[in-house]
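Participant: Handing you this structure, nothing more for now.
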There are 2 protein chains.
Amino acid sequence: MTHGALAERVLKGERRALARLISLIEDGGPDLAEVMRALYPHTGRAYAVGITGAPGAGKSSLTDRVVGRARRDATSVGVLAIDPSSPFSGGALLGDRVRMQGHATDDGVFIRSMATRGHLGGIALATPEAMRALDASGIELIIVETVGVGQAEVRVADACDTVLVVINPGWGDAVQVAKAGLLEVADVFVLNKADRHGVRQAERELEQMLELSNLERTPEIVRTVATEGEGIEELWAAICSHRSFLERDERLSKRRLRRAALEIRDIALERYRSRLDEDATALIAELASDVEARRCDPYEAADRLLRRSAERDARQS
Amino acid sequence: MTHGALAERVLKGERRALARLISLIEDGGPDLAEVMRALYPHTGRAYAVGITGAPGAGKSSLTDRVVGRARRDATSVGVLAIDPSSPFSGGALLGDRVRMQGHATDDGVFIRSMATRGHLGGIALATPEAMRALDASGIELIIVETVGVGQAEVRVADACDTVLVVINPGWGDAVQVAKAGLLEVADVFVLNKADRHGVRQAERELEQMLELSNLERTPEIVRTVATEGEGIEELWAAICSHRSFLERDERLSKRRLRRAALEIRDIALERYRSRLDEDATALIAELASDVEARRCDPYEAADRLLRRSAERDARQS
């Protein structure tokens, strides 16, 4: 299939073409930009919900329930489960995927787990690309599920319109959320496994933390028991309420502008990095010799590298 | 204390000055480069051992034992325990640190756990800086302990001369090691908790995996029970044997050259990024508007950003 044909078939909503495109995105092939360029004018319509939290917090069960709820309104849904390519998490995620297959026979649901081993810019660049692929294929609601450990993963969640942060009852989770910078990122807190001991305490901790932080809009806290389907209606209402909030006063477009700015910067940095790796290897090796011989330190060497690359780029442009 | 005085006191081996410098490195202050520049000519003498593996594999107990073994030869030791600033690991690491305090009264041992919230380049840039600080203060053996989850963490381990990858008995650990790219990084495999069931199986899996990969030198596999001190003599011998291997045929200096090249590139990228954030905000915002209005796609926007920055840098230099 040519890349032009692939783009066309994705735009028609063909699921096999979509799956194939996402594989291309995972691998980070050189012709990807061309396909994505063809799709780009047809994006910007889908609404994106991010679900993040610690391993075992119940993100997959929640995703499963939110998918079910959205389908009751006949909304087409795409799920991207981001596998952080962490050495020790592969197995668990695979199990989660199997659980979600309850929606496997539903044409209105597209589920895909995604790793980014081949992709140069890693997860932070591949995820928005995959979201645009889903968007271009006509999917209305995109759910991005990711483990909230590590900066890259928090960034992925942050790239969504509404971000759910999932915590569990018990002491300390709220503190960890604050430590991870997730307080600023959360639009809705989901207190899952709310049938367990310590739910009131977790809620109180979270409320105290939220009082201290100076947010434009205090995120709702919703109690759920995802495995039993409890609290899902309230969670859906909280998502919709946050969406309405964003759609007032152009907040949604401002948020998306900020996102676009971050993505442009990241793509630029990634291209700059690959240029260094392609064109500056000899220069870097020379500088490394100087550094190892203690003729200059790594900071001076880096400055020289930057200067020489700028001169070269300016000559070429 | 002025920065000049700080550098001088670190060079004299004063522990309080060293601790203070590492705090500076964590915070990523603007004057750091100056202090590090003063120290740089006095570095390159310490030998660095990296210890990485999954949470719970027993890295801290192993570190503890290796420190003890090195001290029997009167080698001065510095331990850097890298806290990946992961939202859900803080507590565990703290516990590990407390356990290590057996060496607290030993003047020849410096232990420091390190997070990098403030540091712009994150863990990958801060760790070699901290290692140089230890090195300049006269410490002979540096042990860097880090959780082998995530690319940044693998990179940290890879920045050492000898890398120990810790796994446990049971099915699957070896596969996860391969998946994480740790096969290529390991100089010695430590099969810790070797008194548990499945040790032979893990060993066999690992051996098969190693046969398939085409390495210059097959890493030794050493069985240990760190909590009991078993296998530590063998582990120490494996470390020394790898060190001798590196020191033949200039392999050590080649490895350090490669490391210097990577670090120079990373510092350059980090500086490029911070320049974009300082000087190109208006341009990026303008490009983001174009992208959101679908007048251009993010790739075109990134290319424009790169072009304009190169022009500006060339004018300034």
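Ordering of the structure tokens sets the chain letters (A, B, ...), residue numbers begin anew at 1 in every chain, and ligands are numbered from 1 in the order given.
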Got a sec: who's within 9 Å of Thr224 of chain B, counting only C-alpha atoms, leaving out chain neighbours fewer than 2 positions off, as a ChimeraX atom specification?
Facilitator: /B:62,190-195,222,226-232,234-235
Participant: Save out the residues we just selected, C-alpha atoms, as a PDB file, in the first residue's frame.
Facilitator:
ATOM      1  CA  LEU B  62      24.358  -5.745  47.353  1.00  0.00           C
ATOM      2  CA  VAL B 190      24.209 -10.785  39.666  1.00  0.00           C
ATOM      3  CA  LEU B 191      21.698 -13.535  40.349  1.00  0.00           C
ATOM      4  CA  ASN B 192      20.694 -12.366  43.810  1.00  0.00           C
ATOM      5  CA  LYS B 193      18.440 -14.277  46.237  1.00  0.00           C
ATOM      6  CA  ALA B 194      20.146 -17.368  44.831  1.00  0.00           C
ATOM      7  CA  ASP B 195      18.842 -19.434  47.764  1.00  0.00           C
ATOM      8  CA  VAL B 222      27.486 -14.535  39.805  1.00  0.00           C
ATOM      9  CA  ALA B 226      23.283 -10.402  49.608  1.00  0.00           C
ATOM     10  CA  THR B 227      21.370 -10.434  52.897  1.00  0.00           C
ATOM     11  CA  GLU B 228      23.622 -13.296  54.083  1.00  0.00           C
ATOM     12  CA  GLY B 229      26.798 -11.990  52.469  1.00  0.00           C
ATOM     13  CA  GLU B 230      27.035 -15.080  50.245  1.00  0.00           C
ATOM     14  CA  GLY B 231      28.798 -14.816  46.891  1.00  0.00           C
ATOM     15  CA  ILE B 232      30.211 -11.368  47.595  1.00  0.00           C
ATOM     16  CA  GLU B 234      32.971 -13.985  43.818  1.00  0.00           C
ATOM     17  CA  LEU B 235      31.149 -10.796  42.842  1.00  0.00           C
TER      18      LEU B 235
END
Participant: Looking only at the backbone, which of the residues in segment 102-297 of chain A does DSSP tag as strand (DSSP E or B), as a list in words?
Facilitator: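 Assigned to strand (DSSP E or B), within segment 102-297 of chain A: Val109, Phe110, Ile111, Arg112, Ser113, Met114, Leu141, Ile142, Ile143, Val144, Glu145, Thr146, Val147, Thr162, Val163, Leu164, Val165, Val166, Ile167, Val188, Phe189, Val190, Leu191, Glu220, Ile221, Val222, Arg223, Val225 and Glu230 of chain A.
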Participant: Would you list the contacts of Arg9 of chain A as a PyMOL selection string, taking every protein, DNA or RNA residue within 10 Å and counting only C-alpha atoms, but skipping same-chain residues closer than 6 positions in sequence?
Facilitator: chain A and resi 3+15-18+137
Participant: Would you put the residues from that selection into a file with C-alpha atoms, as a PDB file, in the first residue's frame?
Facilitator:
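Just written: part_38.pdb:
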ATOM      1  CA  HIS A   3       1.459   6.074   1.835  1.00  0.00           C
ATOM      2  CA  ARG A  15      -9.731  -0.018  11.081  1.00  0.00           C
ATOM      3  CA  ARG A  16      -7.027  -2.164   9.473  1.00  0.00           C
ATOM      4  CA  ALA A  17      -5.434   0.880   7.876  1.00  0.00           C
ATOM      5  CA  LEU A  18      -5.581   2.677  11.229  1.00  0.00           C
ATOM      6  CA  SER A 137     -10.231   8.239  11.174  1.00  0.00           C
TER       7      SER A 137
END
Participant: From the options B:Ala48, B:Leu306, B:Ala54, B:Val109, which residue's atoms come nearest to Arg132 of chain B, counting only C-alpha atoms?
Facilitator: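 Closest candidate: B:Ala48.
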Participant: Could you tell me how far atom CA of Tyr40 of chain A lies from atom CA of Asp297 of chain B, in Å and to one decimal?
Facilitator: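 Result for atom CA of Tyr40 of chain A versus atom CA of Asp297 of chain B: 6.3 Å, one decimal.
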Participant: As an NGL selection string, please: every residue in segment 28-207 of chain A that a backbone DSSP assignment puts in helix (DSSP H, G or I).
Facilitator: :A and (32-42 or 59-72 or 90-103 or 123-136 or 151-158 or 173-179 or 199-207)
Participant: Could you pull the residues within 12 Å of Leu215 of chain A, counting only C-alpha atoms, minus those fewer than 2 positions along the same chain, as a PyMOL selection string?
Facilitator: chain A and resi 183-187+209-213+217-219
Participant: Can you pull out every residue within 10 Å of Gly4 of chain B, counting only C-alpha atoms, but drop anything in the same chain fewer than 2 positions away, and send it as a PyMOL selection string?
Facilitator: chain B and resi 1-2+6-9+34-35+38-39
Participant: Skipping near chain neighbours, those fewer than 4 positions away, what residues fall within 8 Å of segment 197-208 of chain A using only C-alpha atoms, listed as a list in words?
Facilitator: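 Selected residues are Asn168, Pro169, Gly170, Trp171, Gly172, Asp173, Ala174, Val175, Leu191, Leu212 and Ile221 of chain A.
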Participant: Quick one: residues within 8 Å of segment 75-83 of chain B, only C-alpha atoms counted, chain neighbours fewer than 2 positions away excluded, as a VMD selection string?
Facilitator: chain B and resid 67 70 to 73 85 to 86 90 93 108 to 116 123 127 131 134 139 to 147
Participant: Would you export the selected residues with N, CA and C atoms as a tab-separated table (two decimals), in the first residue's frame, please?
Facilitator:
chain	number	residue	atom	x	y	z
B	67	VAL	N	30.38	-2.34	49.23
B	67	VAL	CA	31.07	-1.29	50.00
B	67	VAL	C	31.96	-1.93	51.06
B	70	ALA	N	35.02	-3.58	49.52
B	70	ALA	CA	36.01	-2.61	49.03
B	70	ALA	C	36.77	-1.99	50.21
B	71	ARG	N	36.08	-1.78	51.30
B	71	ARG	CA	36.71	-1.19	52.48
B	71	ARG	C	37.77	-2.09	53.08
B	72	ARG	N	37.62	-3.40	52.91
B	72	ARG	CA	38.65	-4.33	53.41
B	72	ARG	C	39.99	-4.08	52.73
B	73	ASP	N	39.94	-3.55	51.48
B	73	ASP	CA	41.18	-3.17	50.79
B	73	ASP	C	41.52	-1.71	51.04
B	85	SER	N	12.90	10.04	41.10
B	85	SER	CA	11.82	10.99	41.28
B	85	SER	C	10.51	10.42	40.79
B	86	SER	N	10.42	9.12	40.85
B	86	SER	CA	9.17	8.50	40.44
B	86	SER	C	8.16	8.70	41.55
B	90	GLY	N	9.38	6.73	46.19
B	90	GLY	CA	10.09	7.51	47.20
B	90	GLY	C	10.28	6.76	48.51
B	93	LEU	N	12.91	3.75	48.61
B	93	LEU	CA	14.30	4.17	48.56
B	93	LEU	C	14.77	4.71	49.90
B	108	GLY	N	35.74	6.50	55.44
B	108	GLY	CA	36.12	6.17	54.07
B	108	GLY	C	34.92	5.91	53.18
B	109	VAL	N	33.70	6.11	53.72
B	109	VAL	CA	32.49	5.86	52.93
B	109	VAL	C	31.63	7.12	52.90
B	110	PHE	N	31.24	7.51	51.70
B	110	PHE	CA	30.33	8.65	51.52
B	110	PHE	C	29.07	8.12	50.83
B	111	ILE	N	27.92	8.29	51.50
B	111	ILE	CA	26.67	7.78	50.91
B	111	ILE	C	25.72	8.93	50.66
B	112	ARG	N	25.13	8.95	49.50
B	112	ARG	CA	24.24	10.06	49.20
B	112	ARG	C	23.14	9.58	48.27
B	113	SER	N	21.89	9.84	48.64
B	113	SER	CA	20.85	9.54	47.67
B	113	SER	C	20.51	10.85	46.95
B	114	MET	N	20.14	10.73	45.71
B	114	MET	CA	20.07	11.92	44.85
B	114	MET	C	18.80	11.94	44.03
B	115	ALA	N	18.08	13.04	44.10
B	115	ALA	CA	16.94	13.24	43.21
B	115	ALA	C	17.30	14.42	42.33
B	116	THR	N	16.55	14.65	41.28
B	116	THR	CA	16.98	15.69	40.35
B	116	THR	C	15.83	16.56	39.89
B	123	ILE	N	18.15	13.40	35.47
B	123	ILE	CA	19.08	12.43	36.03
B	123	ILE	C	20.28	12.14	35.14
B	127	THR	N	23.85	12.95	37.12
B	127	THR	CA	24.64	11.86	37.68
B	127	THR	C	26.13	11.95	37.33
B	131	MET	N	29.19	12.28	39.98
B	131	MET	CA	30.31	11.33	39.96
B	131	MET	C	31.63	12.08	39.88
B	134	LEU	N	32.53	13.47	43.34
B	134	LEU	CA	33.11	12.44	44.19
B	134	LEU	C	34.56	12.17	43.79
B	139	ILE	N	37.71	10.29	46.13
B	139	ILE	CA	37.10	8.96	46.31
B	139	ILE	C	37.56	8.04	45.17
B	140	GLU	N	37.93	6.81	45.54
B	140	GLU	CA	38.54	5.91	44.55
B	140	GLU	C	37.53	5.02	43.84
B	141	LEU	N	36.50	4.60	44.57
B	141	LEU	CA	35.49	3.73	43.96
B	141	LEU	C	34.12	4.39	44.10
B	142	ILE	N	33.44	4.57	42.98
B	142	ILE	CA	32.10	5.17	43.02
B	142	ILE	C	31.08	4.09	42.65
B	143	ILE	N	30.07	3.95	43.49
B	143	ILE	CA	29.00	3.01	43.16
B	143	ILE	C	27.73	3.80	42.89
B	144	VAL	N	27.17	3.62	41.70
B	144	VAL	CA	25.92	4.30	41.34
B	144	VAL	C	24.82	3.26	41.32
B	145	GLU	N	23.84	3.45	42.20
B	145	GLU	CA	22.76	2.48	42.31
B	145	GLU	C	21.50	3.09	41.72
B	146	THR	N	20.89	2.41	40.77
B	146	THR	CA	19.70	2.98	40.14
B	146	THR	C	18.72	1.90	39.73
B	147	VAL	N	17.44	2.23	39.77
B	147	VAL	CA	16.40	1.30	39.36
B	147	VAL	C	16.42	1.20	37.83
Participant: Nearest to chain B among A:Glu263, A:Glu247, A:Glu233, A:Glu14, with distances taken over only C-alpha atoms: which residue is it?
Facilitator: A:Glu263
Participant: Please compute the atom CA of Val291 of chain A-atom CA of Arg307 of chain B distance, one decimal, in Å.
Facilitator: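 For atom CA of Val291 of chain A relative to atom CA of Arg307 of chain B, the distance reads 29.5 Å.
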